[in-house]
Amino acid sequence: MGLLDEKVVLVNGGSQGVGAAIARAAVREGAVVAVTGRRTGPGEALVAELAAAGGKALFVRADLSDAEQAKASVAEVVDTYGRVDCLVNSAGLTSRGTLLDTTPELFDQHIAINLKAPFFAMQAAVQDMVARKAPGTIVNIITSSAHGGQPFLAPYVSAKAGLIGLTRNAAHAHRWDRVRINGLNIGWTATEGEDATQKAFHGAGDDWRESAAATLPMGKLGQPDEIADFVVFLLSERSGVVTGSVVDWDQNVLGGLD
């Protein structure tokens with residue numbers, strides 16, 4: 001028996017990185033999985049990979065910065081599979097900006113992807129769960145930087161800190177509907193998106209992962225497959241009654257000082 005046997009799991013931003021790892025882990029644990037993304041190529045490639053492994057998966061092309069498309073992605077999964085049991089919001093924008101140089105356009109982009117999209121995807125998913133009088137689970141992928149973060153992440157931190165508040169608010173609002181909603185504040189993680197960010201904004205070379213790992217307590221960056229296993233646990237009944245929790249999943253201890 002898998003942890004998510006016969007559950008329908010929607011992973012927003014699931015065509016690469018942490019989202020793709022979550023999709024793979026969910027299929028491994030018996031779920032039917034749908035993933036969203038803006039690019040058809042990576043999304044369809046992941047679905048083909050999951051199908052080859054014996055899984056049942058669907059790619060939904062969506063630009064989640066558009067709230068209507070975020071809601072429509074949930075509706076398409078409901079139309080295809082009859083319901084959504086679990087939702088993961090893993091899409092994220094990490095383009096850089098400080099308090100002094102962030103434009104209104106950049107700020108709006110961060111709000112659209114990192115806060116507005118999860119809000120309206122959750123709205124649509126919870127509406128389906130409540131209408132069916134069925135329990136459900138949601139996990140929001142947030143960031144340890146939401147506690148303060150680096151100066152060059154000002155709009156990102158602003159949006160993700162809002163997602164922490166939304167996670168707790170929605171969990172409280174729907175606890176009697178047996179919809180459990182939790183968040184994961186992940187730290188520095190080895191993903192394709194992070195590779196592109198390091199090279200585009202910080203002039204990193206191809207060996208940046210090794211250099212970064214040498215500066216970290218555990219000698220490695222966060223690994224998407226390890227994060228995925230924890231997310232699957234939170235989605236599953238094995239995580240019990242926990243709701244409204246935002247877990248710091250990182251190797252740096254908040255408040256610790258040397």
# chains A, B, ... in the order shown; residues from 1 in each chain; ligands from 1
$ residues_around --residues "Lys71 (chain A)" --least-positions-apart "3" --cutoff "6 Å" --atoms "only C-alpha atoms" --output "PDB file with N, CA, C and O atoms, in the first residue's frame"
ATOM      1  N   GLU A  68      -7.200  33.203 -13.356  1.00  0.00           N
ATOM      2  CA  GLU A  68      -8.220  32.388 -14.020  1.00  0.00           C
ATOM      3  C   GLU A  68      -7.631  31.072 -14.502  1.00  0.00           C
ATOM      4  O   GLU A  68      -8.296  30.026 -14.446  1.00  0.00           O
ATOM      5  N   VAL A  74      -7.307  23.538 -11.840  1.00  0.00           N
ATOM      6  CA  VAL A  74      -8.026  22.665 -10.910  1.00  0.00           C
ATOM      7  C   VAL A  74      -9.272  22.105 -11.587  1.00  0.00           C
ATOM      8  O   VAL A  74      -9.557  20.899 -11.495  1.00  0.00           O
ATOM      9  N   PHE A 120      -5.679  31.287  -5.486  1.00  0.00           N
ATOM     10  CA  PHE A 120      -6.832  30.917  -6.304  1.00  0.00           C
ATOM     11  C   PHE A 120      -6.838  29.437  -6.674  1.00  0.00           C
ATOM     12  O   PHE A 120      -7.917  28.858  -6.876  1.00  0.00           O
ATOM     13  N   ALA A 121      -5.675  28.806  -6.705  1.00  0.00           N
ATOM     14  CA  ALA A 121      -5.667  27.343  -6.863  1.00  0.00           C
ATOM     15  C   ALA A 121      -6.255  26.686  -5.624  1.00  0.00           C
ATOM     16  O   ALA A 121      -7.048  25.733  -5.724  1.00  0.00           O
ATOM     17  N   ALA A 124     -10.092  27.068  -5.607  1.00  0.00           N
ATOM     18  CA  ALA A 124     -10.787  26.117  -6.470  1.00  0.00           C
ATOM     19  C   ALA A 124     -10.738  24.705  -5.911  1.00  0.00           C
ATOM     20  O   ALA A 124     -11.738  23.970  -5.961  1.00  0.00           O
TER      21      ALA A 124
END
$ residues_around --residues "Val18 (chain A)" --least-positions-apart "2" --cutoff "9 Å" --atoms "only C-alpha atoms" --output "PyMOL selection string"
chain A and resi 13-16+20-23+90-91+141+189-191+223-225+227-228
$ select_by_dssp --residues "region 14-258 of chain A" --states "strand (DSSP E)" --output "ChimeraX atom specification"
/A:32-37,56-61,86-89,136-141,179-186,246-249
$ write_last_selection --atoms "C-alpha atoms" --output "PDB file, in the first residue's frame"
ATOM      1  CA  VAL A  32      -2.886   9.735  -9.935  1.00  0.00           C
ATOM      2  CA  VAL A  33      -0.970  12.934 -10.668  1.00  0.00           C
ATOM      3  CA  ALA A  34      -1.588  16.087 -12.669  1.00  0.00           C
ATOM      4  CA  VAL A  35       1.154  18.681 -13.144  1.00  0.00           C
ATOM      5  CA  THR A  36       0.925  22.221 -14.448  1.00  0.00           C
ATOM      6  CA  GLY A  37       3.516  24.338 -16.197  1.00  0.00           C
ATOM      7  CA  LYS A  56      -1.109   7.678 -14.374  1.00  0.00           C
ATOM      8  CA  ALA A  57      -0.402  11.331 -15.068  1.00  0.00           C
ATOM      9  CA  LEU A  58      -1.778  14.393 -16.846  1.00  0.00           C
ATOM     10  CA  PHE A  59      -0.075  17.611 -17.977  1.00  0.00           C
ATOM     11  CA  VAL A  60      -2.119  20.808 -17.831  1.00  0.00           C
ATOM     12  CA  ARG A  61      -0.580  23.784 -19.578  1.00  0.00           C
ATOM     13  CA  CYS A  86      -4.434  16.820  -2.758  1.00  0.00           C
ATOM     14  CA  LEU A  87      -2.915  20.056  -4.016  1.00  0.00           C
ATOM     15  CA  VAL A  88       0.720  21.135  -3.971  1.00  0.00           C
ATOM     16  CA  ASN A  89       1.643  24.705  -4.837  1.00  0.00           C
ATOM     17  CA  GLY A 136      -8.313  16.855   1.457  1.00  0.00           C
ATOM     18  CA  THR A 137      -4.759  18.017   1.940  1.00  0.00           C
ATOM     19  CA  ILE A 138      -2.725  20.926   0.609  1.00  0.00           C
ATOM     20  CA  VAL A 139       0.975  21.668   0.886  1.00  0.00           C
ATOM     21  CA  ASN A 140       2.437  25.039  -0.047  1.00  0.00           C
ATOM     22  CA  ILE A 141       6.124  25.171  -0.917  1.00  0.00           C
ATOM     23  CA  VAL A 179      -9.086  19.998   4.795  1.00  0.00           C
ATOM     24  CA  ARG A 180      -5.548  20.033   6.153  1.00  0.00           C
ATOM     25  CA  ILE A 181      -3.251  22.775   4.849  1.00  0.00           C
ATOM     26  CA  ASN A 182       0.439  22.984   5.678  1.00  0.00           C
ATOM     27  CA  GLY A 183       3.540  24.717   4.350  1.00  0.00           C
ATOM     28  CA  LEU A 184       7.200  23.890   3.905  1.00  0.00           C
ATOM     29  CA  ASN A 185       9.866  26.567   4.228  1.00  0.00           C
ATOM     30  CA  ILE A 186      12.619  25.039   2.127  1.00  0.00           C
ATOM     31  CA  VAL A 246       4.705  25.797   8.413  1.00  0.00           C
ATOM     32  CA  VAL A 247       7.774  23.609   8.787  1.00  0.00           C
ATOM     33  CA  ASP A 248      11.292  25.021   8.404  1.00  0.00           C
ATOM     34  CA  TRP A 249      12.997  22.433   6.190  1.00  0.00           C
TER      35      TRP A 249
END
$ select_by_dssp --residues "region 88-247 of chain A" --states "helix (DSSP H, G or I)" --output "PyMOL selection string"
chain A and resi 104-131+144-147+154-173+175-177+192-202+208-213+224-235+237-239
$ residues_around --residues "region 110-119 of chain A" --least-positions-apart "5" --cutoff "8 Å" --atoms "only C-alpha atoms" --output "list in words"
Leu64, Ser65, Asp66, Ala67, Ala70, Asn89, Ala91, Gly92, Leu93, Thr94, Asn140, Pro155, Tyr156, Ala159, Lys160, Gly162, Leu163 and Leu166 of chain A
$ write_last_selection --atoms "C-alpha atoms" --output "PDB file, in the first residue's frame"
ATOM      1  CA  LEU A  64      -0.316  30.472 -13.121  1.00  0.00           C
ATOM      2  CA  SER A  65       0.338  34.209 -13.005  1.00  0.00           C
ATOM      3  CA  ASP A  66      -3.194  34.446 -14.429  1.00  0.00           C
ATOM      4  CA  ALA A  67      -5.608  33.678 -11.587  1.00  0.00           C
ATOM      5  CA  ALA A  70      -4.790  28.814 -11.876  1.00  0.00           C
ATOM      6  CA  ASN A  89       1.643  24.705  -4.837  1.00  0.00           C
ATOM      7  CA  ALA A  91       5.500  27.127  -8.631  1.00  0.00           C
ATOM      8  CA  GLY A  92       7.830  29.950  -7.699  1.00  0.00           C
ATOM      9  CA  LEU A  93       9.484  33.049  -9.144  1.00  0.00           C
ATOM     10  CA  THR A  94      12.904  33.927  -7.676  1.00  0.00           C
ATOM     11  CA  ASN A 140       2.437  25.039  -0.047  1.00  0.00           C
ATOM     12  CA  PRO A 155       9.707  41.115  -3.641  1.00  0.00           C
ATOM     13  CA  TYR A 156      10.119  37.339  -3.331  1.00  0.00           C
ATOM     14  CA  ALA A 159       5.054  37.420  -1.512  1.00  0.00           C
ATOM     15  CA  LYS A 160       6.201  34.248   0.245  1.00  0.00           C
ATOM     16  CA  GLY A 162       2.107  36.395   2.556  1.00  0.00           C
ATOM     17  CA  LEU A 163       1.825  32.726   1.595  1.00  0.00           C
ATOM     18  CA  LEU A 166      -2.503  32.424   3.805  1.00  0.00           C
TER      19      LEU A 166
END
